[in-house]
file run-v4.tsv (TSV, N, CA and C atoms and all ligand atoms)
chain	number	residue	atom	x	y	z
A	1	MET	N	-67.97	17.63	29.49
A	1	MET	CA	-66.75	17.40	28.73
A	1	MET	C	-66.05	16.15	29.24
A	2	LYS	N	-65.65	15.35	28.32
A	2	LYS	CA	-65.01	14.09	28.70
A	2	LYS	C	-63.49	14.27	28.73
A	3	ILE	N	-62.90	13.92	29.87
A	3	ILE	CA	-61.44	14.06	30.00
A	3	ILE	C	-60.78	12.69	29.91
A	4	TRP	N	-59.81	12.60	29.02
A	4	TRP	CA	-59.09	11.34	28.86
A	4	TRP	C	-58.21	11.11	30.08
A	5	ASN	N	-58.32	9.95	30.67
A	5	ASN	CA	-57.55	9.62	31.85
A	5	ASN	C	-56.48	8.59	31.50
A	6	PRO	N	-55.21	9.06	31.38
A	6	PRO	CA	-54.14	8.14	30.95
A	6	PRO	C	-53.90	7.01	31.95
A	7	VAL	N	-54.11	7.30	33.25
A	7	VAL	CA	-53.87	6.27	34.26
A	7	VAL	C	-54.89	5.15	34.09
A	8	LYS	N	-56.14	5.57	33.94
A	8	LYS	CA	-57.19	4.58	33.82
A	8	LYS	C	-57.05	3.75	32.55
A	9	SER	N	-56.65	4.41	31.47
A	9	SER	CA	-56.55	3.68	30.21
A	9	SER	C	-55.35	2.74	30.19
A	10	CYS	N	-54.43	2.93	31.14
A	10	CYS	CA	-53.26	2.06	31.20
A	10	CYS	C	-53.48	0.84	32.10
A	11	LEU	N	-54.55	0.84	32.83
A	11	LEU	CA	-54.81	-0.30	33.72
A	11	LEU	C	-55.00	-1.56	32.90
A	12	TYR	N	-54.44	-2.62	33.42
A	12	TYR	CA	-54.52	-3.87	32.69
A	12	TYR	C	-55.84	-4.57	32.96
A	13	ARG	N	-56.39	-5.07	31.89
A	13	ARG	CA	-57.61	-5.83	32.04
A	13	ARG	C	-57.26	-7.31	32.11
A	14	LEU	N	-57.10	-7.75	33.33
A	14	LEU	CA	-56.75	-9.16	33.51
A	14	LEU	C	-58.01	-10.00	33.33
A	15	ARG	N	-57.87	-10.95	32.47
A	15	ARG	CA	-59.03	-11.79	32.22
A	15	ARG	C	-59.08	-12.95	33.19
A	16	LYS	N	-60.29	-13.31	33.56
A	16	LYS	CA	-60.45	-14.39	34.52
A	16	LYS	C	-60.42	-15.77	33.85
A	17	LYS	N	-60.55	-15.74	32.55
A	17	LYS	CA	-60.57	-16.99	31.81
A	17	LYS	C	-59.37	-17.86	32.18
A	18	LYS	N	-59.64	-19.05	32.61
A	18	LYS	CA	-58.55	-19.93	33.04
A	18	LYS	C	-58.23	-20.94	31.96
A	19	ASP	N	-57.01	-20.89	31.52
A	19	ASP	CA	-56.57	-21.84	30.52
A	19	ASP	C	-56.19	-23.14	31.21
A	20	MET	N	-56.81	-24.23	30.79
A	20	MET	CA	-56.54	-25.52	31.42
A	20	MET	C	-55.05	-25.87	31.35
A	21	LYS	N	-54.43	-25.46	30.27
A	21	LYS	CA	-53.03	-25.79	30.06
A	21	LYS	C	-52.13	-25.19	31.14
A	22	ASP	N	-52.58	-24.08	31.71
A	22	ASP	CA	-51.80	-23.41	32.74
A	22	ASP	C	-51.52	-24.30	33.94
A	23	ASN	N	-52.41	-25.22	34.20
A	23	ASN	CA	-52.27	-26.05	35.40
A	23	ASN	C	-51.46	-27.31	35.18
A	24	MET	N	-51.04	-27.52	33.95
A	24	MET	CA	-50.32	-28.74	33.66
A	24	MET	C	-48.83	-28.46	33.51
A	25	ALA	N	-48.03	-29.41	33.98
A	25	ALA	CA	-46.58	-29.29	33.80
A	25	ALA	C	-46.26	-29.59	32.34
A	26	GLU	N	-45.33	-28.81	31.81
A	26	GLU	CA	-44.98	-28.97	30.39
A	26	GLU	C	-43.46	-29.11	30.25
A	27	ALA	N	-43.02	-30.15	29.57
A	27	ALA	CA	-41.59	-30.33	29.32
A	27	ALA	C	-41.14	-29.33	28.26
A	28	VAL	N	-40.10	-28.57	28.57
A	28	VAL	CA	-39.56	-27.59	27.62
A	28	VAL	C	-38.08	-27.88	27.46
A	29	PRO	N	-37.76	-28.87	26.63
A	29	PRO	CA	-36.40	-29.41	26.56
A	29	PRO	C	-35.32	-28.42	26.13
A	30	TYR	N	-35.70	-27.34	25.45
A	30	TYR	CA	-34.66	-26.42	24.96
A	30	TYR	C	-34.18	-25.42	26.00
A	31	LEU	N	-34.82	-25.39	27.18
A	31	LEU	CA	-34.34	-24.49	28.23
A	31	LEU	C	-33.08	-25.08	28.88
A	32	ASP	N	-32.29	-24.20	29.51
A	32	ASP	CA	-30.99	-24.64	30.00
A	32	ASP	C	-30.84	-24.63	31.53
A	33	CYS	N	-31.96	-24.66	32.25
A	33	CYS	CA	-31.87	-24.59	33.71
A	33	CYS	C	-31.38	-25.89	34.32
A	34	CYS	N	-31.70	-27.01	33.68
A	34	CYS	CA	-31.25	-28.31	34.16
A	34	CYS	C	-31.39	-29.32	33.02
A	35	ASN	N	-31.19	-30.58	33.31
A	35	ASN	CA	-31.25	-31.59	32.25
A	35	ASN	C	-32.66	-31.87	31.75
A	36	GLN	N	-33.63	-31.74	32.63
A	36	GLN	CA	-35.01	-32.04	32.25
A	36	GLN	C	-35.95	-30.93	32.68
A	37	PRO	N	-35.95	-29.83	31.96
A	37	PRO	CA	-36.84	-28.72	32.34
A	37	PRO	C	-38.32	-29.10	32.15
A	38	VAL	N	-39.05	-29.04	33.25
A	38	VAL	CA	-40.49	-29.28	33.21
A	38	VAL	C	-41.13	-28.10	33.92
A	39	LEU	N	-41.86	-27.31	33.15
A	39	LEU	CA	-42.35	-26.06	33.71
A	39	LEU	C	-43.83	-26.11	34.07
A	40	LYS	N	-44.11	-25.41	35.15
A	40	LYS	CA	-45.48	-25.31	35.60
A	40	LYS	C	-45.77	-23.84	35.88
A	41	THR	N	-46.96	-23.39	35.51
A	41	THR	CA	-47.30	-21.99	35.74
A	41	THR	C	-47.56	-21.74	37.22
A	42	VAL	N	-46.86	-20.76	37.76
A	42	VAL	CA	-47.02	-20.40	39.16
A	42	VAL	C	-48.02	-19.26	39.28
A	43	LYS	N	-47.93	-18.33	38.34
A	43	LYS	CA	-48.84	-17.19	38.35
A	43	LYS	C	-49.09	-16.72	36.93
A	44	SER	N	-50.34	-16.62	36.57
A	44	SER	CA	-50.69	-16.12	35.26
A	44	SER	C	-50.93	-14.61	35.36
A	45	LEU	N	-50.22	-13.85	34.52
A	45	LEU	CA	-50.32	-12.39	34.62
A	45	LEU	C	-51.29	-11.80	33.62
A	46	TYR	N	-51.35	-12.41	32.49
A	46	TYR	CA	-52.18	-11.87	31.43
A	46	TYR	C	-52.55	-13.00	30.51
A	47	SER	N	-53.78	-12.97	30.05
A	47	SER	CA	-54.19	-14.03	29.13
A	47	SER	C	-55.31	-13.54	28.24
A	48	SER	N	-55.11	-13.68	26.96
A	48	SER	CA	-56.18	-13.38	26.01
A	48	SER	C	-56.16	-14.50	24.99
A	49	ASN	N	-56.96	-14.38	23.96
A	49	ASN	CA	-56.97	-15.43	22.95
A	49	ASN	C	-55.67	-15.50	22.17
A	50	HIS	N	-54.96	-14.38	22.12
A	50	HIS	CA	-53.77	-14.34	21.28
A	50	HIS	C	-52.46	-14.12	22.03
A	51	ASP	N	-52.54	-13.75	23.29
A	51	ASP	CA	-51.33	-13.49	24.05
A	51	ASP	C	-51.48	-14.02	25.46
A	52	SER	N	-50.36	-14.39	26.04
A	52	SER	CA	-50.39	-14.64	27.48
A	52	SER	C	-49.02	-14.43	28.08
A	53	GLU	N	-49.03	-14.13	29.37
A	53	GLU	CA	-47.81	-13.90	30.13
A	53	GLU	C	-47.95	-14.65	31.44
A	54	ALA	N	-46.90	-15.33	31.84
A	54	ALA	CA	-47.00	-16.07	33.10
A	54	ALA	C	-45.63	-16.26	33.73
A	55	LEU	N	-45.66	-16.41	35.04
A	55	LEU	CA	-44.47	-16.79	35.78
A	55	LEU	C	-44.50	-18.31	35.88
A	56	ARG	N	-43.45	-18.95	35.40
A	56	ARG	CA	-43.40	-20.40	35.44
A	56	ARG	C	-42.17	-20.85	36.23
A	57	GLN	N	-42.27	-22.07	36.77
A	57	GLN	CA	-41.15	-22.60	37.54
A	57	GLN	C	-40.84	-24.02	37.11
A	58	CYS	N	-39.55	-24.30	37.01
A	58	CYS	CA	-39.14	-25.66	36.65
A	58	CYS	C	-39.38	-26.57	37.85
A	59	GLN	N	-40.06	-27.67	37.59
A	59	GLN	CA	-40.40	-28.59	38.67
A	59	GLN	C	-39.18	-29.40	39.13
A	60	ASN	N	-38.15	-29.44	38.31
A	60	ASN	CA	-36.97	-30.23	38.67
A	60	ASN	C	-35.91	-29.43	39.40
A	61	CYS	N	-35.64	-28.21	38.96
A	61	CYS	CA	-34.55	-27.45	39.60
A	61	CYS	C	-35.04	-26.18	40.27
A	62	LYS	N	-36.34	-25.90	40.18
A	62	LYS	CA	-36.97	-24.75	40.85
A	62	LYS	C	-36.61	-23.40	40.26
A	63	ARG	N	-35.94	-23.38	39.13
A	63	ARG	CA	-35.64	-22.11	38.47
A	63	ARG	C	-36.94	-21.47	37.96
A	64	TYR	N	-37.01	-20.14	38.10
A	64	TYR	CA	-38.18	-19.41	37.59
A	64	TYR	C	-37.92	-18.91	36.17
A	65	TRP	N	-38.96	-18.96	35.37
A	65	TRP	CA	-38.90	-18.46	34.00
A	65	TRP	C	-40.10	-17.56	33.75
A	66	PHE	N	-39.86	-16.52	32.98
A	66	PHE	CA	-40.97	-15.69	32.55
A	66	PHE	C	-41.39	-16.17	31.16
A	67	TYR	N	-42.64	-16.56	31.07
A	67	TYR	CA	-43.17	-17.16	29.85
A	67	TYR	C	-44.08	-16.17	29.13
A	68	ARG	N	-43.87	-16.08	27.83
A	68	ARG	CA	-44.73	-15.22	27.02
A	68	ARG	C	-45.13	-15.98	25.75
A	69	PHE	N	-46.39	-15.87	25.45
A	69	PHE	CA	-46.90	-16.51	24.24
A	69	PHE	C	-47.60	-15.43	23.42
A	70	SER	N	-47.34	-15.44	22.14
A	70	SER	CA	-47.97	-14.43	21.30
A	70	SER	C	-48.32	-15.01	19.95
A	71	GLU	N	-49.47	-14.63	19.48
A	71	GLU	CA	-49.93	-15.11	18.18
A	71	GLU	C	-50.24	-13.92	17.29
A	72	TYR	N	-49.52	-13.83	16.20
A	72	TYR	CA	-49.82	-12.77	15.24
A	72	TYR	C	-50.64	-13.38	14.12
A	73	VAL	N	-51.84	-12.95	13.99
A	73	VAL	CA	-52.70	-13.53	12.98
A	73	VAL	C	-52.30	-12.99	11.61
A	74	SER	N	-52.02	-13.91	10.72
A	74	SER	CA	-51.63	-13.53	9.38
A	74	SER	C	-52.63	-14.10	8.39
A	75	TYR	N	-52.93	-13.33	7.38
A	75	TYR	CA	-53.88	-13.80	6.38
A	75	TYR	C	-53.19	-14.42	5.17
A	76	ILE	N	-51.86	-14.35	5.19
A	76	ILE	CA	-51.12	-14.89	4.05
A	76	ILE	C	-50.64	-16.31	4.36
A	77	THR	N	-50.01	-16.47	5.49
A	77	THR	CA	-49.52	-17.79	5.87
A	77	THR	C	-50.28	-18.26	7.12
A	78	ASP	N	-49.80	-19.36	7.69
A	78	ASP	CA	-50.40	-19.83	8.93
A	78	ASP	C	-50.15	-18.78	10.02
A	79	ASP	N	-50.93	-18.88	11.07
A	79	ASP	CA	-50.72	-17.97	12.19
A	79	ASP	C	-49.31	-18.12	12.73
A	80	ASP	N	-48.73	-17.01	13.09
A	80	ASP	CA	-47.37	-16.99	13.57
A	80	ASP	C	-47.37	-17.09	15.10
A	81	LEU	N	-46.99	-18.24	15.61
A	81	LEU	CA	-46.97	-18.45	17.05
A	81	LEU	C	-45.55	-18.28	17.57
A	82	THR	N	-45.40	-17.49	18.59
A	82	THR	CA	-44.09	-17.28	19.17
A	82	THR	C	-44.15	-17.44	20.68
A	83	VAL	N	-43.14	-18.14	21.20
A	83	VAL	CA	-43.03	-18.34	22.64
A	83	VAL	C	-41.68	-17.82	23.10
A	84	TRP	N	-41.66	-17.10	24.21
A	84	TRP	CA	-40.40	-16.64	24.80
A	84	TRP	C	-40.28	-17.18	26.23
A	85	TYR	N	-39.05	-17.50	26.60
A	85	TYR	CA	-38.76	-17.84	28.00
A	85	TYR	C	-37.54	-17.03	28.44
A	86	SER	N	-37.68	-16.33	29.56
A	86	SER	CA	-36.56	-15.59	30.12
A	86	SER	C	-36.31	-16.08	31.53
A	87	SER	N	-35.06	-16.36	31.81
A	87	SER	CA	-34.68	-16.82	33.15
A	87	SER	C	-34.79	-15.68	34.15
A	88	LEU	N	-35.33	-15.97	35.32
A	88	LEU	CA	-35.50	-14.95	36.35
A	88	LEU	C	-34.70	-15.31	37.59
A	89	THR	N	-34.28	-14.28	38.33
A	89	THR	CA	-33.69	-14.54	39.63
A	89	THR	C	-34.83	-14.79	40.61
A	90	GLU	N	-34.50	-15.35	41.76
A	90	GLU	CA	-35.53	-15.62	42.75
A	90	GLU	C	-36.19	-14.32	43.21
A	91	GLU	N	-35.37	-13.28	43.29
A	91	GLU	CA	-35.86	-11.97	43.72
A	91	GLU	C	-36.91	-11.42	42.73
A	92	GLU	N	-36.59	-11.53	41.45
A	92	GLU	CA	-37.52	-11.05	40.42
A	92	GLU	C	-38.81	-11.86	40.45
A	93	ALA	N	-38.67	-13.16	40.66
A	93	ALA	CA	-39.85	-14.01	40.72
A	93	ALA	C	-40.73	-13.65	41.92
A	94	GLU	N	-40.08	-13.38	43.05
A	94	GLU	CA	-40.83	-12.99	44.25
A	94	GLU	C	-41.60	-11.69	44.02
A	95	THR	N	-40.94	-10.75	43.35
A	95	THR	CA	-41.59	-9.47	43.06
A	95	THR	C	-42.85	-9.69	42.23
A	96	ILE	N	-42.74	-10.56	41.23
A	96	ILE	CA	-43.89	-10.85	40.38
A	96	ILE	C	-44.97	-11.59	41.18
A	97	LEU	N	-44.53	-12.54	41.99
A	97	LEU	CA	-45.48	-13.31	42.80
A	97	LEU	C	-46.26	-12.44	43.77
A	98	ASN	N	-45.56	-11.47	44.36
A	98	ASN	CA	-46.19	-10.65	45.40
A	98	ASN	C	-46.92	-9.43	44.89
A	99	SER	N	-46.79	-9.14	43.60
A	99	SER	CA	-47.41	-7.91	43.12
A	99	SER	C	-48.91	-8.08	42.90
A	100	GLN	N	-49.64	-7.07	43.29
A	100	GLN	CA	-51.09	-7.08	43.10
A	100	GLN	C	-51.43	-6.63	41.68
A	101	ASP	N	-50.74	-5.63	41.20
A	101	ASP	CA	-50.96	-5.11	39.85
A	101	ASP	C	-49.93	-5.73	38.92
A	102	MET	N	-49.94	-5.27	37.70
A	102	MET	CA	-48.94	-5.75	36.76
A	102	MET	C	-47.57	-5.23	37.20
A	103	PRO	N	-46.61	-6.13	37.43
A	103	PRO	CA	-45.29	-5.67	37.86
A	103	PRO	C	-44.52	-5.02	36.71
A	104	ASP	N	-43.46	-4.31	37.07
A	104	ASP	CA	-42.61	-3.70	36.05
A	104	ASP	C	-41.77	-4.80	35.39
A	105	LEU	N	-42.00	-5.00	34.11
A	105	LEU	CA	-41.31	-6.09	33.40
A	105	LEU	C	-40.32	-5.55	32.38
A	106	SER	N	-39.99	-4.27	32.49
A	106	SER	CA	-39.16	-3.65	31.45
A	106	SER	C	-37.78	-4.32	31.36
A	107	PHE	N	-37.31	-4.92	32.46
A	107	PHE	CA	-35.99	-5.57	32.42
A	107	PHE	C	-35.96	-6.73	31.42
A	108	LEU	N	-37.13	-7.25	31.07
A	108	LEU	CA	-37.17	-8.39	30.14
A	108	LEU	C	-36.65	-8.04	28.75
A	109	SER	N	-36.72	-6.76	28.40
A	109	SER	CA	-36.28	-6.37	27.06
A	109	SER	C	-34.76	-6.52	26.90
A	110	ASN	N	-34.03	-6.63	28.03
A	110	ASN	CA	-32.58	-6.82	27.96
A	110	ASN	C	-32.13	-8.14	28.56
A	111	ARG	N	-33.07	-9.03	28.81
A	111	ARG	CA	-32.73	-10.31	29.43
A	111	ARG	C	-32.57	-11.38	28.35
A	112	PRO	N	-31.38	-12.00	28.27
A	112	PRO	CA	-31.22	-13.07	27.29
A	112	PRO	C	-32.34	-14.10	27.43
A	113	SER	N	-32.95	-14.44	26.30
A	113	SER	CA	-34.15	-15.27	26.33
A	113	SER	C	-34.12	-16.33	25.25
A	114	PHE	N	-34.95	-17.30	25.42
A	114	PHE	CA	-35.17	-18.30	24.38
A	114	PHE	C	-36.43	-17.91	23.63
A	115	MET	N	-36.36	-18.00	22.32
A	115	MET	CA	-37.52	-17.67	21.51
A	115	MET	C	-37.81	-18.84	20.58
A	116	LYS	N	-39.05	-19.27	20.56
A	116	LYS	CA	-39.42	-20.40	19.71
A	116	LYS	C	-40.56	-19.98	18.80
A	117	ASP	N	-40.34	-20.16	17.50
A	117	ASP	CA	-41.42	-19.88	16.55
A	117	ASP	C	-41.41	-20.96	15.49
A	118	ALA	N	-42.08	-20.72	14.39
A	118	ALA	CA	-42.22	-21.73	13.35
A	118	ALA	C	-40.86	-22.18	12.80
A	119	GLU	N	-39.85	-21.33	12.92
A	119	GLU	CA	-38.53	-21.66	12.38
A	119	GLU	C	-37.65	-22.43	13.35
A	120	GLY	N	-38.08	-22.53	14.60
A	120	GLY	CA	-37.30	-23.26	15.59
A	120	GLY	C	-36.99	-22.42	16.81
A	121	VAL	N	-35.98	-22.88	17.57
A	121	VAL	CA	-35.62	-22.20	18.81
A	121	VAL	C	-34.35	-21.40	18.59
A	122	LYS	N	-34.33	-20.18	19.09
A	122	LYS	CA	-33.08	-19.42	19.05
A	122	LYS	C	-32.94	-18.59	20.31
A	123	GLN	N	-31.69	-18.17	20.58
A	123	GLN	CA	-31.46	-17.32	21.73
A	123	GLN	C	-31.46	-15.87	21.28
A	124	VAL	N	-32.20	-15.05	21.99
A	124	VAL	CA	-32.32	-13.65	21.64
A	124	VAL	C	-31.89	-12.80	22.82
A	125	HIS	N	-31.63	-11.52	22.58
A	125	HIS	CA	-31.09	-10.67	23.65
A	125	HIS	C	-32.15	-10.17	24.62
A	126	GLY	N	-33.42	-10.40	24.28
A	126	GLY	CA	-34.48	-9.95	25.17
A	126	GLY	C	-35.80	-10.35	24.59
A	127	GLN	N	-36.86	-10.15	25.35
A	127	GLN	CA	-38.20	-10.44	24.81
A	127	GLN	C	-39.02	-9.17	24.83
A	128	PRO	N	-40.02	-9.08	23.94
A	128	PRO	CA	-40.85	-7.88	23.93
A	128	PRO	C	-41.61	-7.81	25.25
A	129	THR	N	-41.86	-6.62	25.72
A	129	THR	CA	-42.57	-6.52	26.99
A	129	THR	C	-44.06	-6.28	26.78
A	130	ARG	N	-44.45	-5.89	25.59
A	130	ARG	CA	-45.86	-5.64	25.34
A	130	ARG	C	-46.26	-6.08	23.93
A	131	PRO	N	-46.31	-7.37	23.67
A	131	PRO	CA	-46.58	-7.80	22.28
A	131	PRO	C	-48.01	-7.55	21.82
A	132	TRP	N	-48.93	-7.35	22.77
A	132	TRP	CA	-50.33	-7.25	22.36
A	132	TRP	C	-50.73	-5.84	21.98
A	133	THR	N	-49.84	-4.86	22.14
A	133	THR	CA	-50.22	-3.49	21.80
A	133	THR	C	-49.71	-3.14	20.40
A	201	ZN	ZN	-34.84	-26.92	35.50

call {"tool": "encode", "arguments": {"input": "run-v4.tsv", "output": "structure tokens"}}
result
Amino acid sequence: MKIWNPVKSCLYRLRKKKDMKDNMAEAVPYLDCCNQPVLKTVKSLYSSNHDSEALRQCQNCKRYWFYRFSEYVSYITDDDLTVWYSSLTEEEAETILNSQDMPDLSFLSNRPSFMKDAEGVKQVHGQPTRPWT
């Protein structure tokens, strides 16, 4: 008899695939950490063809941001690409940096964030914590 194991099925499958873009600094002018936000990925948490999550840091002011990218494939219009950035405290960033497994990111759902999609940039009250499910 096969027993469903909820713990095992919840484990994250972190992909080893390395996105070249992750290693490059990227100017993100709409962020408000300083005058010239240039972000670099410090730690990649999750990456698939359609979603990714990463801890990023501004190279100019050292502020940490939680970066999320999500692509919803649509058959009617162009693919819907959405990017979120949420400002993190140093403590939150350290927790993410030091965690071996997927850290608890539930606080992101209530963290004021920047959201960028085909319509432009707007400020939202939080970002989704699990867009790929
Ligand atoms: Zn900055």

call {"tool": "residues_near_ligand", "arguments": {"input": "run-v4.tsv", "ligand": "ligand ZN 201 (chain A)", "cutoff": "9 Å", "atoms": "only C-alpha atoms and all ligand atoms", "output": "number ranges by chain"}}
result
A: 31-39, 57-64

call {"tool": "select_by_dssp", "arguments": {"input": "run-v4.tsv", "residues": "region 35-121 of chain A", "states": "strand (DSSP E)", "output": "JSON, numbers by chain"}}
result
{"A": [38, 39, 40, 41, 42, 43, 44, 45, 46, 47, 51, 52, 53, 54, 55, 56, 57, 58, 64, 65, 66, 67, 68, 69, 70, 71, 72, 80, 81, 82, 83, 84, 85, 86, 87, 88, 113, 114, 115, 116, 117, 120, 121]}

call {"tool": "atom_distance", "arguments": {"input": "run-v4.tsv", "atom1": "CA of Met102 (chain A)", "atom2": "CA of Tyr46 (chain A)"}}
result
8.7 Å

call {"tool": "residues_around", "arguments": {"input": "run-v4.tsv", "residues": "region 105-109 of chain A", "least_positions_apart": "4", "cutoff": "6.5 Å", "atoms": "all atoms listed in the file", "output": "PyMOL selection string"}}
result
chain A and resi 125-129

call {"tool": "atom_distance", "arguments": {"input": "run-v4.tsv", "atom1": "atom C of Ser86 (chain A)", "atom2": "atom C of Asn98 (chain A)"}}
result
18.3 Å

call {"tool": "atom_distance", "arguments": {"input": "run-v4.tsv", "atom1": "atom C of Gln123 (chain A)", "atom2": "CA of Trp65 (chain A)"}}
result
15.0 Å

call {"tool": "closest_residue", "arguments": {"input": "run-v4.tsv", "among": "A:Leu81, A:Val124, A:Lys43, A:Ala54", "to": "Pro112 (chain A)", "atoms": "all atoms listed in the file"}}
result
A:Val124
